[in-house]
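Engineer: If it helps, the file is called my_file16.csv and holds CSV, C-alpha atoms and all ligand atoms:
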```
chain,number,residue,atom,x,y,z
A,1,MET,CA,84.7,-35.3,43.7
A,2,LYS,CA,87.1,-34.3,40.9
A,3,PRO,CA,90.1,-32.4,42.3
A,4,ILE,CA,89.5,-28.6,42.2
A,5,GLN,CA,91.7,-26.5,40.0
A,6,MET,CA,91.8,-22.7,39.3
A,7,VAL,CA,91.5,-23.6,35.6
A,8,ASP,CA,90.7,-27.1,34.2
A,9,LEU,CA,92.1,-27.1,30.7
A,10,LYS,CA,92.4,-30.9,30.5
A,11,GLY,CA,88.7,-31.4,31.3
A,12,GLN,CA,87.8,-28.9,28.6
A,13,TYR,CA,90.0,-30.5,26.0
A,14,GLU,CA,88.7,-34.0,26.6
A,15,LYS,CA,85.2,-33.0,25.6
A,16,ILE,CA,86.4,-31.7,22.2
A,17,LYS,CA,89.5,-33.9,21.7
A,18,THR,CA,88.5,-35.3,18.3
A,19,GLU,CA,87.9,-31.9,16.8
A,20,ILE,CA,91.0,-30.4,18.2
A,21,ASP,CA,93.2,-33.3,17.3
A,22,ASN,CA,91.8,-33.3,13.7
A,23,GLY,CA,92.5,-29.6,13.5
A,24,ILE,CA,96.1,-30.0,14.6
A,25,GLN,CA,96.6,-33.0,12.4
A,26,SER,CA,95.4,-31.2,9.3
A,27,VAL,CA,97.9,-28.4,9.9
A,28,ILE,CA,100.7,-30.9,10.2
A,29,GLU,CA,99.5,-32.6,6.9
A,30,SER,CA,99.4,-29.2,5.2
A,31,SER,CA,102.9,-28.3,6.6
A,32,THR,CA,101.9,-24.6,6.5
A,33,PHE,CA,102.9,-23.8,10.1
A,34,VAL,CA,103.1,-20.0,9.8
A,35,LYS,CA,100.7,-17.7,8.0
A,36,GLY,CA,98.7,-20.5,6.5
A,37,GLY,CA,95.1,-20.7,5.4
A,38,MET,CA,94.2,-21.8,8.9
A,39,VAL,CA,95.2,-18.5,10.4
A,40,THR,CA,93.1,-16.7,7.8
A,41,THR,CA,90.1,-18.9,8.5
A,42,PHE,CA,90.3,-18.3,12.2
A,43,GLN,CA,90.8,-14.6,11.6
A,44,GLN,CA,87.7,-14.3,9.5
A,45,ASN,CA,85.6,-16.4,11.9
A,46,LEU,CA,86.7,-14.2,14.8
A,47,GLU,CA,85.8,-11.1,12.7
A,48,GLN,CA,82.4,-12.5,12.2
A,49,TYR,CA,81.9,-13.4,15.8
A,50,LEU,CA,83.0,-10.0,17.1
A,51,GLY,CA,81.3,-8.0,14.3
A,52,VAL,CA,84.5,-6.1,13.7
A,53,LYS,CA,86.1,-5.2,10.4
A,54,HIS,CA,89.6,-6.3,11.1
A,55,VAL,CA,91.2,-9.0,13.3
A,56,ILE,CA,95.0,-9.1,13.2
A,57,PRO,CA,96.3,-12.3,14.8
A,58,VAL,CA,99.6,-11.8,16.6
A,59,GLY,CA,102.0,-13.7,18.9
A,60,ASN,CA,100.4,-12.8,22.3
A,61,GLY,CA,98.4,-10.2,24.1
A,62,THR,CA,101.4,-8.2,25.2
A,63,ASP,CA,102.5,-7.9,21.5
A,64,ALA,CA,99.0,-6.9,20.6
A,65,LEU,CA,99.1,-4.0,23.0
A,66,GLN,CA,102.6,-3.0,21.9
A,67,ILE,CA,101.8,-3.1,18.2
A,68,ALA,CA,98.6,-1.1,18.8
A,69,LEU,CA,100.6,1.7,20.5
A,70,MET,CA,103.3,1.6,17.9
A,71,ALA,CA,100.7,2.2,15.2
A,72,LEU,CA,99.4,5.4,16.8
A,73,GLY,CA,102.5,7.5,15.9
A,74,LEU,CA,103.1,8.5,19.5
A,75,GLN,CA,106.3,10.4,20.5
A,76,PRO,CA,108.5,9.7,23.5
A,77,GLY,CA,107.1,11.4,26.5
A,78,ASP,CA,103.6,11.2,25.3
A,79,GLU,CA,101.3,10.1,28.1
A,80,VAL,CA,99.1,7.0,28.1
A,81,ILE,CA,96.5,6.6,30.8
A,82,THR,CA,96.1,3.0,32.2
A,83,PRO,CA,94.5,1.7,35.4
A,84,THR,CA,97.0,0.9,38.2
A,85,PHE,CA,95.0,-2.3,39.1
A,86,THR,CA,95.7,-4.6,36.2
A,87,PHE,CA,98.2,-7.1,34.9
A,88,ILE,CA,101.6,-5.6,34.3
A,89,ALA,CA,101.6,-6.0,30.5
A,90,THR,CA,99.1,-3.1,30.1
A,91,ALA,CA,101.7,-0.5,31.4
A,92,GLU,CA,104.9,-2.4,30.4
A,93,VAL,CA,104.4,-1.9,26.7
A,94,VAL,CA,103.8,1.9,27.3
A,95,ALA,CA,107.1,2.2,29.2
A,96,LEU,CA,109.0,0.0,26.7
A,97,LEU,CA,108.1,2.3,23.9
A,98,GLY,CA,109.4,5.4,25.7
A,99,LEU,CA,105.9,6.6,26.4
A,100,THR,CA,104.9,7.6,29.9
A,101,PRO,CA,102.3,5.5,31.7
A,102,ILE,CA,100.0,7.6,33.8
A,103,PHE,CA,98.2,5.4,36.3
A,104,VAL,CA,94.7,6.1,37.5
A,105,ASP,CA,92.5,4.5,40.2
A,106,VAL,CA,89.8,2.0,39.6
A,107,GLU,CA,86.1,1.8,40.7
A,108,PRO,CA,85.9,0.0,44.0
A,109,ASP,CA,82.9,-2.1,42.8
A,110,THR,CA,83.6,-3.0,39.2
A,111,PHE,CA,87.4,-3.0,39.5
A,112,CYS,CA,87.6,-1.1,36.1
A,113,MET,CA,89.2,2.3,35.4
A,114,SER,CA,87.6,5.2,37.3
A,115,VAL,CA,86.2,7.7,34.8
A,116,GLU,CA,86.6,10.6,37.3
A,117,SER,CA,90.3,9.6,37.8
A,118,VAL,CA,90.8,9.6,34.0
A,119,LYS,CA,89.4,13.1,33.8
A,120,LYS,CA,91.8,14.4,36.4
A,121,ALA,CA,94.8,12.7,34.8
A,122,ILE,CA,94.5,14.3,31.4
A,123,THR,CA,97.3,16.8,30.5
A,124,PRO,CA,98.3,18.4,27.2
A,125,LYS,CA,100.7,15.4,26.7
A,126,THR,CA,98.0,12.8,27.1
A,127,LYS,CA,97.5,10.9,23.8
A,128,THR,CA,95.8,7.6,24.6
A,129,ILE,CA,93.6,5.9,27.2
A,130,VAL,CA,94.0,2.2,27.7
A,131,PRO,CA,90.9,0.9,29.6
A,132,VAL,CA,91.2,-2.7,30.9
A,133,HIS,CA,88.1,-4.8,30.9
A,134,LEU,CA,89.2,-6.5,34.1
A,135,PHE,CA,88.1,-10.0,35.1
A,136,GLY,CA,85.8,-10.2,32.1
A,137,GLN,CA,83.6,-7.1,32.4
A,138,ASN,CA,83.7,-4.1,30.2
A,139,ALA,CA,84.9,-0.8,31.7
A,140,ASN,CA,82.6,2.2,31.5
A,141,MET,CA,83.2,2.7,27.8
A,142,GLU,CA,80.5,5.2,26.9
A,143,ALA,CA,82.0,7.7,29.3
A,144,ILE,CA,85.6,6.9,28.4
A,145,LEU,CA,84.9,7.2,24.7
A,146,GLN,CA,83.2,10.6,25.4
A,147,ILE,CA,86.2,11.9,27.3
A,148,ALA,CA,88.5,10.7,24.5
A,149,LYS,CA,86.5,12.4,21.9
A,150,GLU,CA,86.5,15.7,23.8
A,151,HIS,CA,90.3,15.6,24.2
A,152,ASN,CA,91.1,14.1,20.8
A,153,LEU,CA,92.6,10.9,22.4
A,154,TYR,CA,93.0,7.4,21.1
A,155,VAL,CA,91.3,4.5,23.0
A,156,VAL,CA,93.1,1.2,23.0
A,157,GLU,CA,91.1,-1.5,24.9
A,158,ASP,CA,92.9,-4.2,26.8
A,159,ALA,CA,90.3,-6.9,26.2
A,160,CYS,CA,92.7,-9.7,27.2
A,161,GLN,CA,90.3,-11.0,29.9
A,162,SER,CA,87.0,-10.1,28.3
A,163,ILE,CA,86.6,-11.6,24.8
A,164,GLY,CA,82.9,-12.1,24.1
A,165,ALA,CA,81.6,-9.6,26.8
A,166,GLU,CA,79.0,-7.3,25.3
A,167,TYR,CA,78.5,-3.6,26.1
A,168,THR,CA,75.2,-1.8,25.6
A,169,PHE,CA,75.4,1.9,24.7
A,170,SER,CA,72.6,4.2,25.8
A,171,ASN,CA,71.3,4.3,22.2
A,172,GLY,CA,70.8,0.6,22.5
A,173,GLN,CA,73.7,-0.4,20.3
A,174,LYS,CA,75.5,-3.6,21.5
A,175,VAL,CA,79.2,-3.9,20.8
A,176,LYS,CA,81.6,-6.7,21.7
A,177,SER,CA,84.5,-6.1,24.1
A,178,GLY,CA,87.6,-4.8,22.3
A,179,CYS,CA,85.6,-3.4,19.4
A,180,MET,CA,84.5,-0.1,20.9
A,181,GLY,CA,87.7,2.0,20.9
A,182,HIS,CA,90.1,2.7,18.0
A,183,ILE,CA,91.8,-0.6,18.7
A,184,GLY,CA,91.2,-3.6,20.9
A,185,CYS,CA,93.7,-6.2,22.1
A,186,THR,CA,93.2,-9.7,23.3
A,187,SER,CA,95.3,-12.7,24.5
A,188,PHE,CA,94.8,-16.4,23.7
A,189,PHE,CA,97.1,-17.5,26.6
A,190,PRO,CA,95.8,-21.0,27.6
A,191,SER,CA,94.0,-19.9,30.7
A,192,LYS,CA,92.2,-17.0,29.0
A,193,ASN,CA,88.5,-17.3,28.1
A,194,LEU,CA,89.5,-18.2,24.5
A,195,GLY,CA,92.8,-19.9,25.1
A,196,CYS,CA,95.1,-21.8,22.7
A,197,PHE,CA,97.8,-24.4,23.6
A,198,GLY,CA,100.7,-21.9,23.8
A,199,ASP,CA,100.9,-18.2,23.2
A,200,GLY,CA,98.6,-16.2,20.9
A,201,GLY,CA,96.9,-12.9,20.7
A,202,ALA,CA,94.9,-10.6,18.4
A,203,ILE,CA,94.2,-7.0,17.6
A,204,PHE,CA,90.8,-5.7,16.6
A,205,THR,CA,89.9,-2.5,14.7
A,206,ASN,CA,87.3,-1.1,12.4
A,207,ASP,CA,89.8,1.4,11.0
A,208,ASP,CA,91.2,0.4,7.6
A,209,ALA,CA,94.3,2.6,7.9
A,210,LEU,CA,95.2,1.4,11.4
A,211,ALA,CA,94.6,-2.2,10.4
A,212,GLN,CA,97.1,-1.9,7.5
A,213,GLU,CA,99.6,-0.1,9.7
A,214,MET,CA,99.4,-2.8,12.4
A,215,GLN,CA,99.6,-5.6,9.9
A,216,CYS,CA,102.8,-4.0,8.6
A,217,ILE,CA,104.3,-3.5,12.1
A,218,ALA,CA,103.6,-7.1,13.1
A,219,ASN,CA,105.4,-8.2,10.0
A,220,HIS,CA,108.8,-6.5,10.4
A,221,GLY,CA,107.5,-3.2,9.1
A,222,MET,CA,107.1,-4.8,5.7
A,223,THR,CA,104.3,-4.6,3.1
A,224,VAL,CA,106.2,-5.4,0.0
A,225,HIS,CA,108.6,-8.3,0.4
A,226,TYR,CA,112.0,-7.2,1.8
A,227,HIS,CA,111.0,-3.5,1.7
A,228,HIS,CA,111.0,-2.2,5.2
A,229,ASP,CA,109.2,1.2,5.4
A,230,LYS,CA,109.1,1.3,9.2
A,231,ILE,CA,110.6,-0.4,12.2
A,232,GLY,CA,108.4,-3.3,13.1
A,233,VAL,CA,108.4,-6.5,15.1
A,234,ASN,CA,107.9,-10.2,14.4
A,235,SER,CA,104.7,-11.3,16.0
A,236,ARG,CA,102.4,-13.9,14.5
A,237,LEU,CA,99.9,-16.6,15.5
A,238,ASP,CA,101.0,-20.0,14.3
A,239,SER,CA,98.7,-22.3,12.3
A,240,ILE,CA,98.4,-25.0,15.0
A,241,GLN,CA,97.2,-22.4,17.5
A,242,ALA,CA,94.8,-21.0,14.9
A,243,ALA,CA,93.4,-24.5,14.3
A,244,ILE,CA,92.8,-25.0,18.1
A,245,LEU,CA,91.3,-21.5,18.4
A,246,ASP,CA,89.0,-22.0,15.5
A,247,VAL,CA,87.5,-25.1,17.1
A,248,LYS,CA,87.2,-23.4,20.5
A,249,LEU,CA,85.7,-20.2,19.1
A,250,ARG,CA,82.6,-22.4,18.2
A,251,TYR,CA,82.3,-23.1,21.9
A,252,LEU,CA,83.0,-19.7,23.2
A,253,ASP,CA,79.4,-18.7,24.0
A,254,THR,CA,78.9,-22.1,25.7
A,255,TYR,CA,82.0,-21.6,27.7
A,256,ILE,CA,80.9,-18.1,28.7
A,257,SER,CA,77.5,-19.5,29.9
A,258,ALA,CA,79.3,-22.2,31.9
A,259,ARG,CA,81.4,-19.5,33.6
A,260,GLN,CA,78.2,-17.4,34.3
A,261,THR,CA,76.4,-20.4,35.8
A,262,ALA,CA,79.3,-21.0,38.2
A,263,ALA,CA,79.4,-17.3,39.0
A,264,HIS,CA,75.7,-17.4,39.8
A,265,TYR,CA,76.2,-20.3,42.1
A,266,TYR,CA,78.9,-18.4,44.0
A,267,ASP,CA,76.7,-15.3,44.1
A,268,VAL,CA,73.8,-17.1,45.6
A,269,ALA,CA,75.9,-19.0,48.1
A,270,PHE,CA,77.6,-15.8,49.4
A,271,ALA,CA,74.6,-13.5,49.3
A,272,ASN,CA,74.1,-13.6,53.1
A,273,GLN,CA,77.7,-13.9,54.0
A,274,PRO,CA,78.6,-10.5,55.7
A,275,ASN,CA,82.4,-11.0,55.2
A,276,ILE,CA,82.2,-11.4,51.5
A,277,ALA,CA,81.2,-8.8,48.8
A,278,ILE,CA,80.4,-10.6,45.6
A,279,PRO,CA,81.5,-9.1,42.3
A,280,THR,CA,79.4,-6.1,41.2
A,281,ARG,CA,78.1,-6.1,37.7
A,282,ASN,CA,78.3,-3.0,35.5
A,283,SER,CA,74.7,-2.7,34.3
A,284,LYS,CA,75.8,-1.8,30.8
A,285,SER,CA,78.0,-4.9,30.3
A,286,THR,CA,77.7,-8.6,30.3
A,287,HIS,CA,80.3,-10.4,32.5
A,288,VAL,CA,82.2,-13.3,31.0
A,289,PHE,CA,84.0,-14.1,34.3
A,290,HIS,CA,87.6,-14.6,33.3
A,291,GLN,CA,87.9,-14.5,37.1
A,292,TYR,CA,85.3,-14.7,39.9
A,293,THR,CA,86.9,-12.1,42.2
A,294,LEU,CA,85.2,-11.3,45.5
A,295,LYS,CA,86.2,-8.9,48.2
A,296,LEU,CA,86.8,-10.0,51.8
A,297,ARG,CA,86.0,-7.7,54.6
A,298,SER,CA,89.2,-5.9,55.4
A,299,SER,CA,89.5,-7.3,58.9
A,300,ILE,CA,89.7,-10.8,57.6
A,301,ASP,CA,93.2,-12.3,57.3
A,302,ARG,CA,93.3,-13.2,53.6
A,303,ASN,CA,96.5,-15.2,53.8
A,304,ALA,CA,95.1,-17.4,56.5
A,305,VAL,CA,91.9,-18.0,54.5
A,306,GLN,CA,93.9,-18.9,51.5
A,307,GLU,CA,96.1,-21.3,53.5
A,308,GLN,CA,93.1,-23.0,55.1
A,309,LEU,CA,91.3,-23.4,51.8
A,310,LYS,CA,94.5,-24.8,50.3
A,311,THR,CA,94.6,-27.6,53.0
A,312,LEU,CA,91.0,-28.4,52.0
A,313,GLY,CA,92.1,-28.7,48.3
A,314,ILE,CA,90.6,-25.4,47.2
A,315,PRO,CA,93.0,-23.2,45.3
A,316,THR,CA,92.6,-19.5,45.2
A,317,MET,CA,94.6,-16.6,43.8
A,318,VAL,CA,95.1,-12.9,44.4
A,319,TYR,CA,94.8,-10.8,41.3
A,320,TYR,CA,96.6,-8.5,41.9
A,321,PRO,CA,98.5,-8.1,45.2
A,322,ILE,CA,100.5,-5.0,44.2
A,323,PRO,CA,99.0,-2.1,42.2
A,324,LEU,CA,101.3,-1.0,39.4
A,325,HIS,CA,102.2,2.4,40.9
A,326,LEU,CA,103.8,0.5,43.8
A,327,GLN,CA,105.8,-1.9,41.6
A,328,LYS,CA,109.5,-1.3,41.9
A,329,ALA,CA,110.1,-0.9,38.2
A,330,TYR,CA,107.3,1.7,37.9
A,331,ARG,CA,107.6,3.8,41.1
A,332,ASN,CA,107.7,7.4,40.2
A,333,GLU,CA,107.7,10.7,42.2
A,334,ARG,CA,104.8,11.7,40.2
A,335,TYR,CA,102.5,9.0,41.5
A,336,LYS,CA,103.1,10.0,45.1
A,337,LYS,CA,101.1,13.1,44.5
A,338,VAL,CA,98.1,11.1,43.5
A,339,ASP,CA,96.0,8.8,45.6
A,340,PHE,CA,94.9,5.3,44.5
A,341,PRO,CA,92.8,4.4,47.5
A,342,ASN,CA,90.6,1.9,45.7
A,343,ALA,CA,93.4,0.0,44.0
A,344,GLU,CA,95.3,-0.2,47.3
A,345,MET,CA,92.2,-1.4,49.2
A,346,LEU,CA,91.4,-4.0,46.5
A,347,SER,CA,95.0,-5.3,46.4
A,348,LYS,CA,94.6,-6.1,50.1
A,349,THR,CA,91.1,-7.6,50.0
A,350,VAL,CA,90.4,-9.3,46.7
A,351,LEU,CA,90.3,-13.1,46.3
A,352,SER,CA,89.7,-15.0,43.1
A,353,LEU,CA,88.0,-18.4,43.4
A,354,PRO,CA,88.4,-21.4,40.9
A,355,MET,CA,86.7,-20.3,37.7
A,356,HIS,CA,86.5,-22.3,34.5
A,357,THR,CA,84.2,-24.1,32.2
A,358,GLU,CA,84.3,-27.5,33.9
A,359,LEU,CA,83.3,-26.7,37.5
A,360,ASP,CA,80.4,-29.0,38.6
A,361,GLU,CA,77.9,-28.5,41.4
A,362,GLU,CA,79.6,-30.8,43.7
A,363,GLN,CA,82.8,-28.8,43.5
A,364,LEU,CA,80.9,-25.5,43.8
A,365,GLU,CA,79.1,-26.7,46.8
A,366,TYR,CA,82.3,-27.9,48.4
A,367,ILE,CA,84.1,-24.6,47.7
A,368,THR,CA,81.2,-22.3,48.9
A,369,GLU,CA,80.4,-24.3,52.0
A,370,ASN,CA,84.0,-24.4,53.2
A,371,LEU,CA,84.6,-20.8,52.5
A,372,CYS,CA,81.4,-19.8,54.4
A,373,ASN,CA,82.3,-22.0,57.3
A,374,LEU,CA,85.8,-20.5,57.5
A,375,LEU,CA,84.3,-17.0,57.6
A,376,GLN,CA,81.6,-17.7,60.2
B,1,LIG,C1,96.9,-11.9,29.9
B,1,LIG,C2,96.9,-10.4,29.9
B,1,LIG,C3,97.8,-9.6,29.1
B,1,LIG,C4,98.9,-10.2,28.3
B,1,LIG,O1,98.6,-11.3,27.5
B,1,LIG,P1,99.8,-12.3,27.1
B,1,LIG,O2,99.2,-13.1,26.0
B,1,LIG,O3,100.1,-13.1,28.3
B,1,LIG,O4,100.9,-11.5,26.6
B,1,LIG,C5,97.6,-8.3,29.0
B,1,LIG,N1,96.7,-7.6,29.8
B,1,LIG,C6,95.8,-8.3,30.6
B,1,LIG,C7,94.8,-7.6,31.4
B,1,LIG,C8,95.9,-9.7,30.7
B,1,LIG,O5,95.1,-10.4,31.5
```
Written as structure tokens, how would this file's structure read?
Structural biologist:
Amino acid sequence: MKPIQMVDLKGQYEKIKTEIDNGIQSVIESSTFVKGGMVTTFQQNLEQYLGVKHVIPVGNGTDALQIALMALGLQPGDEVITPTFTFIATAEVVALLGLTPIFVDVEPDTFCMSVESVKKAITPKTKTIVPVHLFGQNANMEAILQIAKEHNLYVVEDACQSIGAEYTFSNGQKVKSGCMGHIGCTSFFPSKNLGCFGDGGAIFTNDDALAQEMQCIANHGMTVHYHHDKIGVNSRLDSIQAAILDVKLRYLDTYISARQTAAHYYDVAFANQPNIAIPTRNSKSTHVFHQYTLKLRSSIDRNAVQEQLKTLGIPTMVYYPIPLHLQKAYRNERYKKVDFPNAEMLSKTVLSLPMHTELDEEQLEYITENLCNLLQ
């Protein structure tokens, strides 16, 4: 059996080595390493894949979120609602810009932002909602967009884990993750579903004015050379990463199916295991399984399970062990008045299993049999 890894980037690369190597080589030959034609080609191919008007490639997913918020003209003290159960970057950029992150709880089944909690968190200072499509499944976007409309709020989607996931609205319209709100953000970090060989990210929008604004901010606040109309940042995707991503984009749907096949194997194997709750699907969204995250019964010693699996050569991870409202840098008197029972329960019970495009049946059988045996 091949050794089991959380993510097998080498195995994935070996299957498309020639195409990737040729892509990298052609960038080197062209010597256009920044803002070259390759970046534009990838940008256009991604626009087409997503069915979105504008893709703005940037340096990473965190920058994408930051630039999106910078473009909305928010004032210090304005409130931005984010789930408390997510990767830190979602709230970090809010705090960094002098805005106030307002954490809300998540649904105990889908792990995404709780719509009821969002409703309760809205104040006159609320300006933006940042739903996170956690682990590869879209949040309850129809309801979130409806609330945003009622309260005149922006919606910035954190689609760093969900590229390619599709959401079906009640009128039948299908929209790709990150393309439903005013702005969507994604990351091309190597382990993400569409990952490059370093850092990368992108912003999506159908709004021409916002697109122009964000392009300007990402480029030192400049539209005409050396005229700086606003304070910006330097955030760009380099041409070598764009060449790699352009090849991998062609395989994205195949990669998504491989992840779904592995997830299905896990689901079936754990169906009758009383100590495991398999990930719940949102009926309106496809799931692209950035992570396969199950819940262990709360009486199970998760650390011990992880340790035992580790000795068997089965890596696991806990995404995320501490909700953001309990993180040292983000603790605030204000959050003490609110309860986050679901996020706190999840942080203690979730367990993510190996999930990538190269898992084979032998590995899946080994993982599931061993985990089931441990939990007998
Ligand atoms: C990965 C990730 C980010 C940040 O992306 P980087 O490219 O690492 O900056 C933000 N939000 C979520 C939910 C992520 O998973």
Engineer: Separation of atom CA of Pro131 of chain A and atom CA of Glu92 of chain A, in Å?
Structural biologist: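 Distance reported for this atom pair: 14.4 Å.
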Engineer: Using all atoms listed in the file, find the one residue out of A:Asp246, A:Asn60, A:Ser31, A:Pro83 that sits nearest to Gly198 of chain A.
Structural biologist: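 Closest to Gly198 of chain A of all the choices is A:Asn60.
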Engineer: Which residues are near ligand LIG 1 (chain B) in this structure, taking near to mean any atom at most 8 Å from a ligand atom and counting all atoms listed in the file? Format them as a compact mmCIF listing (two decimals) with C-alpha atoms, in the coordinates of the input.
Structural biologist:
```
# COMPACT_ATOMS: atom_id res chain seq x y z
CA GLY A 59 102.00 -13.70 18.90
CA ASN A 60 100.40 -12.80 22.30
CA GLY A 61 98.40 -10.20 24.10
CA THR A 62 101.40 -8.20 25.20
CA ASP A 63 102.50 -7.90 21.50
CA ALA A 64 99.00 -6.90 20.60
CA LEU A 65 99.10 -4.00 23.00
CA THR A 86 95.70 -4.60 36.20
CA PHE A 87 98.20 -7.10 34.90
CA ILE A 88 101.60 -5.60 34.30
CA ALA A 89 101.60 -6.00 30.50
CA THR A 90 99.10 -3.10 30.10
CA VAL A 132 91.20 -2.70 30.90
CA HIS A 133 88.10 -4.80 30.90
CA LEU A 134 89.20 -6.50 34.10
CA PHE A 135 88.10 -10.00 35.10
CA ASP A 158 92.90 -4.20 26.80
CA ALA A 159 90.30 -6.90 26.20
CA CYS A 160 92.70 -9.70 27.20
CA GLN A 161 90.30 -11.00 29.90
CA THR A 186 93.20 -9.70 23.30
CA SER A 187 95.30 -12.70 24.50
CA PHE A 188 94.80 -16.40 23.70
CA PHE A 189 97.10 -17.50 26.60
CA LYS A 192 92.20 -17.00 29.00
CA ASP A 199 100.90 -18.20 23.20
CA GLY A 200 98.60 -16.20 20.90
CA GLY A 201 96.90 -12.90 20.70
```
Engineer: Compare A:Ser352, A:Thr110, A:Gln75, A:Thr40 by their minimum atom-to-atom distance to Arg281 of chain A, counting all atoms listed in the file, and give me the closest one.
Structural biologist: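 Smallest distance to Arg281 of chain A is found for A:Thr110.
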Engineer: I'd like to know which of A:Val58, A:Ile240, A:Ile183, A:Ala263 is closest to Asn22 of chain A, using only C-alpha atoms.
Structural biologist: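 That would be A:Ile240, the residue with the smallest distance to Asn22 of chain A.
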Engineer: Report the distance between atom CA of Arg302 of chain A and atom CA of Asn370 of chain A in Å, rounded to one decimal place.
Structural biologist: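 These atoms are spaced 14.6 Å apart.
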Engineer: From the set A:Arg236, A:Pro101, A:Glu150, A:Ile67, which residue has the shortest atom-to-atom contact distance to Lys119 of chain A, counting all atoms listed in the file?
Structural biologist: A:Glu150
Engineer: I'd like the interatomic distance between atom CA of Tyr251 of chain A and atom CA of Met1 of chain A, to a tenth of an Å.
Structural biologist: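 Distance reported for this atom pair: 25.1 Å.
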Engineer: Nearest residue to Met214 of chain A out of A:Ser235, A:Thr84, A:Gln48, A:Asn282, using all atoms listed in the file?
Structural biologist: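 Closest to Met214 of chain A, using all atoms listed in the file: A:Ser235.
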Engineer: From the list A:Leu312, A:Val175, A:Leu237, A:Ala68, which residue is nearest Ala211 of chain A when using only C-alpha atoms?
Structural biologist: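 Checking each candidate against Ala211 of chain A, we get A:Ala68 as the closest.
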Engineer: So which residues touch Phe270 of chain A within 12 Å, counting all atoms listed in the file, skipping near sequence neighbours fewer than 5 positions away, as a VMD selection string?
Structural biologist: chain A and resid 263 to 265 275 to 279 294 to 296 364 to 365 367 to 373 375 to 376
Engineer: Hey, can I get the axis-aligned box for segment 44-51 of chain A? All listed atoms, 5 Å padding on each side, centre and edge lengths in Å to one decimal, as lines of an AutoDock Vina configuration file.
Structural biologist:
```
center_x = 84.5
center_y = -12.2
center_z = 13.3
size_x = 16.4
size_y = 18.4
size_z = 17.6
```
Engineer: Skip Tyr320 of chain A itself and residues of its chain fewer than 3 positions away, then list as a list in words all residues within 9 Å of it, counting all atoms listed in the file.
Structural biologist: Phe85, Thr86, Phe87, Met317, Pro323, Leu346, Ser347, Lys348, Val350 and Leu351 of chain A
Engineer: Applying 12 Å and all atoms listed in the file, which residues near Ser285 of chain A remain after dropping the ones on its own chain fewer than 3 positions away? List them as a PyMOL selection string.
Structural biologist: chain A and resi 110+112+133-134+136-142+162+164-170+172-177+280-282+288-289
Engineer: Name the residues, using the chain letters and numbers of the file, that sit within 8 Å of (100.2, 6.2, 32.2) when counting only C-alpha atoms, and give them as a list of chain:residue names.
Structural biologist: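 Here is the list of nearby residues: A:Glu79, A:Val80, A:Ile81, A:Thr82, A:Pro83, A:Ala91, A:Val94, A:Thr100, A:Pro101, A:Ile102, A:Phe103, A:Val104.
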